[in-house]
Structures are given as C-alpha cells and as structure tokens.
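**Student:** One file is attached below, target05.txt, containing compact mmCIF, C-alpha atoms.
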```txt
# COMPACT_ATOMS: atom_id res chain seq x y z
CA MET A 1 131.66 86.65 122.16
CA GLN A 2 129.42 89.72 122.47
CA TRP A 3 127.30 90.35 119.36
CA LYS A 4 126.46 93.92 118.38
CA LYS A 5 123.01 95.05 117.34
CA THR A 6 122.53 95.99 113.71
CA PRO A 7 122.69 99.79 113.43
CA PRO A 8 119.20 101.23 112.75
CA GLU A 9 120.39 102.92 109.54
CA LEU A 10 121.68 99.58 108.20
CA ALA A 11 118.36 97.88 109.06
CA ALA A 12 116.53 100.67 107.20
CA THR A 13 118.83 100.24 104.18
CA PHE A 14 118.19 96.49 104.28
CA ASP A 15 114.41 97.00 104.46
CA LYS A 16 114.48 99.33 101.43
CA ALA A 17 116.22 96.58 99.40
CA ALA A 18 113.57 93.96 100.28
CA PRO A 19 111.57 92.62 97.34
CA LYS A 20 107.95 93.73 97.06
CA ASP A 21 106.77 90.11 97.08
CA PRO A 22 103.82 89.55 99.46
CA LYS A 23 105.15 86.02 100.15
CA VAL A 24 108.36 87.44 101.66
CA VAL A 25 108.31 87.54 105.46
CA ARG A 26 110.61 89.72 107.55
CA LYS A 27 111.41 88.16 110.91
CA PRO A 28 114.44 87.88 113.17
CA MET A 29 117.20 85.31 112.76
CA PHE A 30 119.87 85.30 115.47
CA GLY A 31 117.98 88.38 116.74
CA TYR A 32 118.70 90.30 113.51
CA PRO A 33 116.31 91.35 110.70
CA ALA A 34 116.04 88.69 107.98
CA LEU A 35 113.94 87.90 104.92
CA PHE A 36 112.28 84.53 104.37
CA LEU A 37 110.42 82.94 101.47
CA ASN A 38 108.48 79.72 102.11
CA GLY A 39 110.36 79.29 105.39
CA ASN A 40 113.81 79.70 103.81
CA MET A 41 115.98 82.62 104.88
CA PHE A 42 117.54 84.30 101.85
CA ALA A 43 118.96 87.57 103.19
CA GLY A 44 119.55 89.22 106.53
CA THR A 45 121.64 91.47 108.65
CA PHE A 46 124.24 90.34 111.14
CA GLN A 47 125.80 92.96 113.35
CA ASP A 48 127.06 95.59 110.87
CA LYS A 49 126.80 93.38 107.77
CA ILE A 50 124.18 92.31 105.25
CA VAL A 51 124.29 88.71 104.07
CA ALA A 52 122.69 87.02 101.08
CA ARG A 53 122.05 83.37 100.20
CA LEU A 54 122.99 82.77 96.58
CA SER A 55 122.90 79.99 94.03
CA GLU A 56 126.14 78.10 93.44
CA PRO A 57 127.00 79.91 90.17
CA ASP A 58 126.33 83.32 91.77
CA ARG A 59 128.40 82.36 94.84
CA GLU A 60 131.32 81.17 92.73
CA ARG A 61 131.37 84.43 90.73
CA ALA A 62 131.16 86.54 93.88
CA LEU A 63 133.88 84.57 95.70
CA LYS A 64 136.20 84.92 92.68
CA ALA A 65 135.56 88.68 92.82
CA GLY A 66 136.69 88.74 96.47
CA THR A 67 133.39 88.53 98.35
CA LYS A 68 133.67 86.81 101.74
CA GLN A 69 131.69 83.81 102.92
CA PHE A 70 129.46 84.53 105.90
CA ALA A 71 130.48 82.93 109.20
CA PRO A 72 128.52 84.11 112.26
CA MET A 73 131.23 82.54 114.44
CA PRO A 74 134.85 81.94 113.44
CA GLY A 75 135.20 78.58 111.73
CA ARG A 76 131.41 78.15 111.40
CA PRO A 77 130.51 79.34 107.87
CA MET A 78 126.96 79.19 106.56
CA LYS A 79 127.66 77.45 103.27
CA GLU A 80 125.34 79.31 100.88
CA TYR A 81 125.64 82.77 102.43
CA LEU A 82 127.99 85.60 101.50
CA VAL A 83 128.63 88.98 103.09
CA VAL A 84 127.47 91.73 100.75
CA PRO A 85 130.49 94.02 100.20
CA ALA A 86 130.22 97.33 102.06
CA ALA A 87 130.65 99.23 98.76
CA ASP A 88 127.51 97.50 97.42
CA VAL A 89 125.55 98.06 100.65
CA ALA A 90 126.25 101.79 100.19
CA LYS A 91 124.65 101.76 96.71
CA PRO A 92 120.88 101.10 96.83
CA ALA A 93 120.74 99.60 93.31
CA ALA A 94 123.70 97.29 93.98
CA LEU A 95 122.24 96.10 97.29
CA ALA A 96 118.84 95.56 95.67
CA SER A 97 120.58 93.41 93.03
CA TRP A 98 122.14 91.19 95.72
CA VAL A 99 118.81 90.79 97.50
CA ALA A 100 116.99 90.14 94.20
CA ARG A 101 119.47 87.36 93.30
CA ALA A 102 119.02 85.86 96.77
CA HIS A 103 115.22 86.09 96.38
CA ALA A 104 115.42 84.40 92.97
CA TYR A 105 117.46 81.57 94.48
CA ALA A 106 114.99 81.22 97.39
CA LYS A 107 112.18 80.70 94.85
CA THR A 108 113.98 77.52 93.66
CA LEU A 109 114.20 76.00 97.15
CA PRO A 110 111.60 73.59 98.50
CA ALA A 111 109.28 75.11 101.09
CA LYS A 112 110.15 74.23 104.66
CA GLU A 113 107.46 72.38 106.55
CA LYS A 114 106.35 73.88 109.82
CA LYS A 115 107.47 71.78 112.74
CA ALA A 116 104.80 70.59 115.13
CA VAL A 117 105.13 72.13 118.56
CA ALA A 118 105.04 69.47 121.24
CA SER A 119 102.73 70.14 124.15
CA ARG A 120 104.80 70.22 127.28
CA GLY A 121 102.02 70.06 129.85
CA GLY A 122 103.36 72.76 132.13
CA ARG A 123 107.01 72.41 133.09
CA GLY A 124 107.92 69.89 130.43
CA GLY A 125 108.21 66.17 130.51
CA ALA A 126 105.29 63.86 131.18
CA PRO A 127 102.00 65.20 132.52
CA ALA A 128 101.75 65.36 136.28
CA LYS A 129 100.21 62.34 138.00
CA LYS A 130 97.02 62.82 139.95
CA LYS A 131 97.29 62.44 143.71
CA ARG A 132 95.26 59.70 145.33
CA ALA A 133 92.87 60.71 148.04
```
Just dump the structure as structure tokens.

**Tutor:**
Amino acid sequence: MQWKKTPPELAATFDKAAPKDPKVVRKPMFGYPALFLNGNMFAGTFQDKIVARLSEPDRERALKAGTKQFAPMPGRPMKEYLVVPAADVAKPAALASWVARAHAYAKTLPAKEKKAVASRGGRGGAPAKKKRA
C-alpha cells in the first residue's frame, strides 16, 4: 500500500493546534508530523487525516457520536487513537479542543524511558576478530 504525504496545509493546521507547552515535542511518526509528551505520542497526522489519543471516557463519547477509530492499516487499529472528524479539522477551535484533550490525557501517562542504543561495532554483530601475524 502506497502512503500519501500529509498535505502541507494540513500540517500547518495541525501545527497551529499544538499546545504551547515547552515539554511537547514535534517529531515524525510513520514519517508524519506528530506531537509527543514525555515520549508518548498524543496527536499526529496520517496522510490526509489528523489523529488524537484520548482517554477512555473521551473515546467512548466520540465513538458514540460517530468518530472513527484510527487504523493506519486495515484491521490494525491503534486502540487509543481516533480520527478527528474533517468538520472539526476545518474549525481551528474544534481542532484545538481535540488536541487539548489528547494533551491532557498524555499528561496522565507514565513517561517512556529512553531505550539504550546498542553499539554495533561497524556492520553489526560481534566485534571483528584481530588477525594474527
């Protein structure tokens, strides 16, 4: 399946909705712009959509209202993420509300620990053996 790039105007709309929290980091996820707090992604773009990670009560309300669960590949949903409805993406205040709720939920999550990067010693595997003279 060929993934499409997020349109620049959607990325700009997404950036405008980002919270003004200095702890929030914008970095790519799946090659798309995303927002992270303490190592936890809480909102992002995916192709021509904006997705938000919400608390269970917020998710339940949104799903009852017809919001769709986010699945980057068919049959592979990301359990806490929903696709922000296009009508709300088009309204800056509505989109900011989605991102703010996602940010509030991210504040309740434990910080992710940074994984240690293993030294590979060149091409990977064990270090090369020295040749005997």

**Student:** Here is a test: counting all atoms listed in the file, which residue of A:Pro8, A:Pro85, A:Pro28, A:Pro22 is nearest to Leu63 (chain A)?

**Tutor:** A:Pro85

**Student:** Determine the axis-aligned bounding box of all atoms of region 31-39 of chain A present in the file, pad each side by 3 Å, and express its centre and edge lengths in Å to one decimal place as AutoDock Vina command-line options.

**Tutor:**
```
--center_x 113.6 --center_y 85.3 --center_z 109.1 --size_x 16.2 --size_y 18.1 --size_z 21.3
```

**Student:** Restricting the calculation to only C-alpha atoms, which member of A:Ala71, A:Ala65, A:Leu82, A:Met29 is positioned closest to Ala102 (chain A)?

**Tutor:**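 Comparing A:Ala71, A:Ala65, A:Leu82, A:Met29 against Ala102 (chain A), the winner is A:Leu82.
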
**Student:** At a cut-off of 10 Å, using all atoms listed in the file, what residues contact Lys79 (chain A)? Leave out same-chain residues fewer than 4 positions from it and give the result as a ChimeraX atom specification.

**Tutor:** /A:53-54,56,59,69-71

**Student:** Which of these, A:Gly39, A:Phe14, A:Ala34, A:Gly75, has the shortest distance to Asp88 (chain A) once you count only C-alpha atoms?

**Tutor:**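 Answer, going by the shortest atom-to-atom distance: A:Phe14.
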
**Student:** Report as an mmCIF file with C-alpha atoms, in the coordinates of the input all protein, DNA and RNA residues lying within 10 Å of Ala18 (chain A), evaluated on only C-alpha atoms, omitting residues in the same chain fewer than 5 positions from it.

**Tutor:**
```cif
data_model
loop_
_atom_site.group_PDB
_atom_site.id
_atom_site.type_symbol
_atom_site.label_atom_id
_atom_site.label_comp_id
_atom_site.auth_asym_id
_atom_site.auth_seq_id
_atom_site.Cartn_x
_atom_site.Cartn_y
_atom_site.Cartn_z
ATOM 1 C CA THR A 13 118.830 100.240 104.180
ATOM 2 C CA VAL A 24 108.360 87.440 101.660
ATOM 3 C CA VAL A 25 108.310 87.540 105.460
ATOM 4 C CA ARG A 26 110.610 89.720 107.550
ATOM 5 C CA ALA A 34 116.040 88.690 107.980
ATOM 6 C CA LEU A 35 113.940 87.900 104.920
ATOM 7 C CA ALA A 43 118.960 87.570 103.190
ATOM 8 C CA GLY A 44 119.550 89.220 106.530
ATOM 9 C CA LEU A 95 122.240 96.100 97.290
ATOM 10 C CA ALA A 96 118.840 95.560 95.670
ATOM 11 C CA VAL A 99 118.810 90.790 97.500
ATOM 12 C CA ALA A 100 116.990 90.140 94.200
ATOM 13 C CA HIS A 103 115.220 86.090 96.380
#
```

**Student:** Can you work out which one of A:Asp21, A:Lys115, A:Ala93, A:Lys107 has the shortest atom-to-atom distance to Met41 (chain A), counting all atoms listed in the file?

**Tutor:** A:Lys107

**Student:** Mind giving me the straight-line distance from CA of Glu113 (chain A) to CA of Lys20 (chain A) in Å, one decimal?

**Tutor:** 23.4 Å

**Student:** I'd like the neighbourhood of Asn40 (chain A) as a count of residues only, where a residue qualifies if any of its atoms comes within 9 Å (using all atoms listed in the file), though same-chain residues fewer than 5 positions away should be ignored.

**Tutor:** 6

**Student:** Could you check how far CA of Gly66 (chain A) sits from CA of Ile50 (chain A), in Å to one decimal?

**Tutor:**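 Going from CA of Gly66 (chain A) over to CA of Ile50 (chain A), I get 15.7 Å.
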
**Student:** Pick from A:Lys68, A:Lys114, A:Lys91, A:Lys5: nearest to Asn38 (chain A), with all atoms listed in the file counted?

**Tutor:** A:Lys114

**Student:** Provide the CA of Tyr105 (chain A) to CA of Phe42 (chain A) distance in Å, to one decimal place.

**Tutor:**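 These two atoms are separated by 7.9 Å.
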
**Student:** Quick one: everything within 9 Å of Lys49 (chain A), counting only C-alpha atoms, minus sequence neighbours fewer than 4 positions away in the same chain. Send it as a list in words.

**Tutor:** Thr6, Leu10, Gly44, Thr45, Val83, Val84, Pro85, Ala86 and Val89 of chain A

**Student:** For each of A:Met73, A:Pro19, A:Pro33, A:Lys64, take the minimum atom-to-atom distance to Pro7 (chain A), counting only C-alpha atoms, then give the residue where this is smallest.

**Tutor:**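 Going through A:Met73, A:Pro19, A:Pro33, A:Lys64 one by one, the smallest distance to Pro7 (chain A) is for A:Pro33.
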
**Student:** Would you fill out region 1-12 of chain A with all heavy atoms and return it as a PDB file, in the coordinates of the input?

**Tutor:**
```pdb
ATOM      1  N   MET A   1     131.559  85.563 123.076  1.00  0.00           N
ATOM      2  CA  MET A   1     131.660  86.650 122.160  1.00  0.00           C
ATOM      3  C   MET A   1     130.383  87.492 122.239  1.00  0.00           C
ATOM      4  O   MET A   1     129.287  86.971 122.170  1.00  0.00           O
ATOM      5  CB  MET A   1     131.834  86.124 120.725  1.00  0.00           C
ATOM      6  CG  MET A   1     131.735  87.214 119.717  1.00  0.00           C
ATOM      7  SD  MET A   1     131.698  86.853 117.951  1.00  0.00           S
ATOM      8  CE  MET A   1     131.910  85.173 117.716  1.00  0.00           C
ATOM      9  N   GLN A   2     130.550  88.792 122.384  1.00  0.00           N
ATOM     10  CA  GLN A   2     129.420  89.720 122.470  1.00  0.00           C
ATOM     11  C   GLN A   2     129.028  90.159 121.061  1.00  0.00           C
ATOM     12  O   GLN A   2     129.849  90.683 120.323  1.00  0.00           O
ATOM     13  CB  GLN A   2     129.834  90.939 123.301  1.00  0.00           C
ATOM     14  CG  GLN A   2     128.716  91.890 123.590  1.00  0.00           C
ATOM     15  CD  GLN A   2     127.779  91.386 124.669  1.00  0.00           C
ATOM     16  OE1 GLN A   2     128.136  90.525 125.441  1.00  0.00           O
ATOM     17  NE2 GLN A   2     126.583  91.925 124.703  1.00  0.00           N
ATOM     18  N   TRP A   3     127.782  89.923 120.681  1.00  0.00           N
ATOM     19  CA  TRP A   3     127.300  90.350 119.360  1.00  0.00           C
ATOM     20  C   TRP A   3     126.737  91.746 119.472  1.00  0.00           C
ATOM     21  O   TRP A   3     126.113  92.108 120.469  1.00  0.00           O
ATOM     22  CB  TRP A   3     126.249  89.386 118.842  1.00  0.00           C
ATOM     23  CG  TRP A   3     126.804  88.076 118.391  1.00  0.00           C
ATOM     24  CD1 TRP A   3     128.115  87.691 118.365  1.00  0.00           C
ATOM     25  CD2 TRP A   3     126.073  86.965 117.893  1.00  0.00           C
ATOM     26  NE1 TRP A   3     128.236  86.422 117.876  1.00  0.00           N
ATOM     27  CE2 TRP A   3     126.996  85.948 117.576  1.00  0.00           C
ATOM     28  CE3 TRP A   3     124.747  86.726 117.670  1.00  0.00           C
ATOM     29  CZ2 TRP A   3     126.623  84.728 117.055  1.00  0.00           C
ATOM     30  CZ3 TRP A   3     124.371  85.509 117.153  1.00  0.00           C
ATOM     31  CH2 TRP A   3     125.304  84.521 116.847  1.00  0.00           C
ATOM     32  N   LYS A   4     126.969  92.544 118.416  1.00  0.00           N
ATOM     33  CA  LYS A   4     126.460  93.920 118.380  1.00  0.00           C
ATOM     34  C   LYS A   4     125.125  93.940 117.654  1.00  0.00           C
ATOM     35  O   LYS A   4     124.891  93.157 116.741  1.00  0.00           O
ATOM     36  CB  LYS A   4     127.437  94.813 117.601  1.00  0.00           C
ATOM     37  CG  LYS A   4     128.821  94.898 118.178  1.00  0.00           C
ATOM     38  CD  LYS A   4     129.716  95.769 117.300  1.00  0.00           C
ATOM     39  CE  LYS A   4     130.065  95.016 116.030  1.00  0.00           C
ATOM     40  NZ  LYS A   4     131.043  95.680 115.179  1.00  0.00           N
ATOM     41  N   LYS A   5     124.276  94.870 118.045  1.00  0.00           N
ATOM     42  CA  LYS A   5     123.010  95.050 117.340  1.00  0.00           C
ATOM     43  C   LYS A   5     123.291  95.668 115.973  1.00  0.00           C
ATOM     44  O   LYS A   5     124.257  96.408 115.798  1.00  0.00           O
ATOM     45  CB  LYS A   5     122.085  95.990 118.122  1.00  0.00           C
ATOM     46  CG  LYS A   5     121.459  95.358 119.325  1.00  0.00           C
ATOM     47  CD  LYS A   5     120.406  96.267 119.901  1.00  0.00           C
ATOM     48  CE  LYS A   5     119.679  95.545 121.025  1.00  0.00           C
ATOM     49  NZ  LYS A   5     118.515  96.278 121.464  1.00  0.00           N
ATOM     50  N   THR A   6     122.433  95.360 115.020  1.00  0.00           N
ATOM     51  CA  THR A   6     122.530  95.990 113.710  1.00  0.00           C
ATOM     52  C   THR A   6     122.178  97.464 113.869  1.00  0.00           C
ATOM     53  O   THR A   6     121.152  97.799 114.472  1.00  0.00           O
ATOM     54  CB  THR A   6     121.545  95.331 112.726  1.00  0.00           C
ATOM     55  OG1 THR A   6     121.958  93.981 112.521  1.00  0.00           O
ATOM     56  CG2 THR A   6     121.524  96.047 111.388  1.00  0.00           C
ATOM     57  N   PRO A   7     123.018  98.365 113.343  1.00  0.00           N
ATOM     58  CA  PRO A   7     122.690  99.790 113.430  1.00  0.00           C
ATOM     59  C   PRO A   7     121.341 100.068 112.746  1.00  0.00           C
ATOM     60  O   PRO A   7     121.045  99.493 111.695  1.00  0.00           O
ATOM     61  CB  PRO A   7     123.839 100.478 112.669  1.00  0.00           C
ATOM     62  CG  PRO A   7     124.960  99.486 112.688  1.00  0.00           C
ATOM     63  CD  PRO A   7     124.308  98.128 112.682  1.00  0.00           C
ATOM     64  N   PRO A   8     120.523 100.945 113.323  1.00  0.00           N
ATOM     65  CA  PRO A   8     119.200 101.230 112.750  1.00  0.00           C
ATOM     66  C   PRO A   8     119.262 101.679 111.284  1.00  0.00           C
ATOM     67  O   PRO A   8     118.410 101.307 110.487  1.00  0.00           O
ATOM     68  CB  PRO A   8     118.632 102.334 113.643  1.00  0.00           C
ATOM     69  CG  PRO A   8     119.413 102.264 114.901  1.00  0.00           C
ATOM     70  CD  PRO A   8     120.751 101.686 114.562  1.00  0.00           C
ATOM     71  N   GLU A   9     120.289 102.453 110.930  1.00  0.00           N
ATOM     72  CA  GLU A   9     120.390 102.920 109.540  1.00  0.00           C
ATOM     73  C   GLU A   9     120.681 101.762 108.584  1.00  0.00           C
ATOM     74  O   GLU A   9     120.201 101.745 107.445  1.00  0.00           O
ATOM     75  CB  GLU A   9     121.421 104.044 109.388  1.00  0.00           C
ATOM     76  CG  GLU A   9     122.833 103.707 109.816  1.00  0.00           C
ATOM     77  CD  GLU A   9     123.122 103.856 111.315  1.00  0.00           C
ATOM     78  OE1 GLU A   9     122.209 104.155 112.111  1.00  0.00           O
ATOM     79  OE2 GLU A   9     124.290 103.643 111.688  1.00  0.00           O
ATOM     80  N   LEU A  10     121.421 100.752 109.040  1.00  0.00           N
ATOM     81  CA  LEU A  10     121.680  99.580 108.200  1.00  0.00           C
ATOM     82  C   LEU A  10     120.397  98.747 108.048  1.00  0.00           C
ATOM     83  O   LEU A  10     120.092  98.265 106.959  1.00  0.00           O
ATOM     84  CB  LEU A  10     122.805  98.719 108.767  1.00  0.00           C
ATOM     85  CG  LEU A  10     123.194  97.514 107.917  1.00  0.00           C
ATOM     86  CD1 LEU A  10     123.749  97.952 106.565  1.00  0.00           C
ATOM     87  CD2 LEU A  10     124.208  96.639 108.644  1.00  0.00           C
ATOM     88  N   ALA A  11     119.640  98.613 109.137  1.00  0.00           N
ATOM     89  CA  ALA A  11     118.360  97.880 109.060  1.00  0.00           C
ATOM     90  C   ALA A  11     117.406  98.583 108.101  1.00  0.00           C
ATOM     91  O   ALA A  11     116.709  97.928 107.324  1.00  0.00           O
ATOM     92  CB  ALA A  11     117.747  97.764 110.453  1.00  0.00           C
ATOM     93  N   ALA A  12     117.398  99.916 108.109  1.00  0.00           N
ATOM     94  CA  ALA A  12     116.530 100.670 107.200  1.00  0.00           C
ATOM     95  C   ALA A  12     116.979 100.480 105.749  1.00  0.00           C
ATOM     96  O   ALA A  12     116.147 100.298 104.850  1.00  0.00           O
ATOM     97  CB  ALA A  12     116.535 102.154 107.571  1.00  0.00           C
TER      98      ALA A  12
END
```
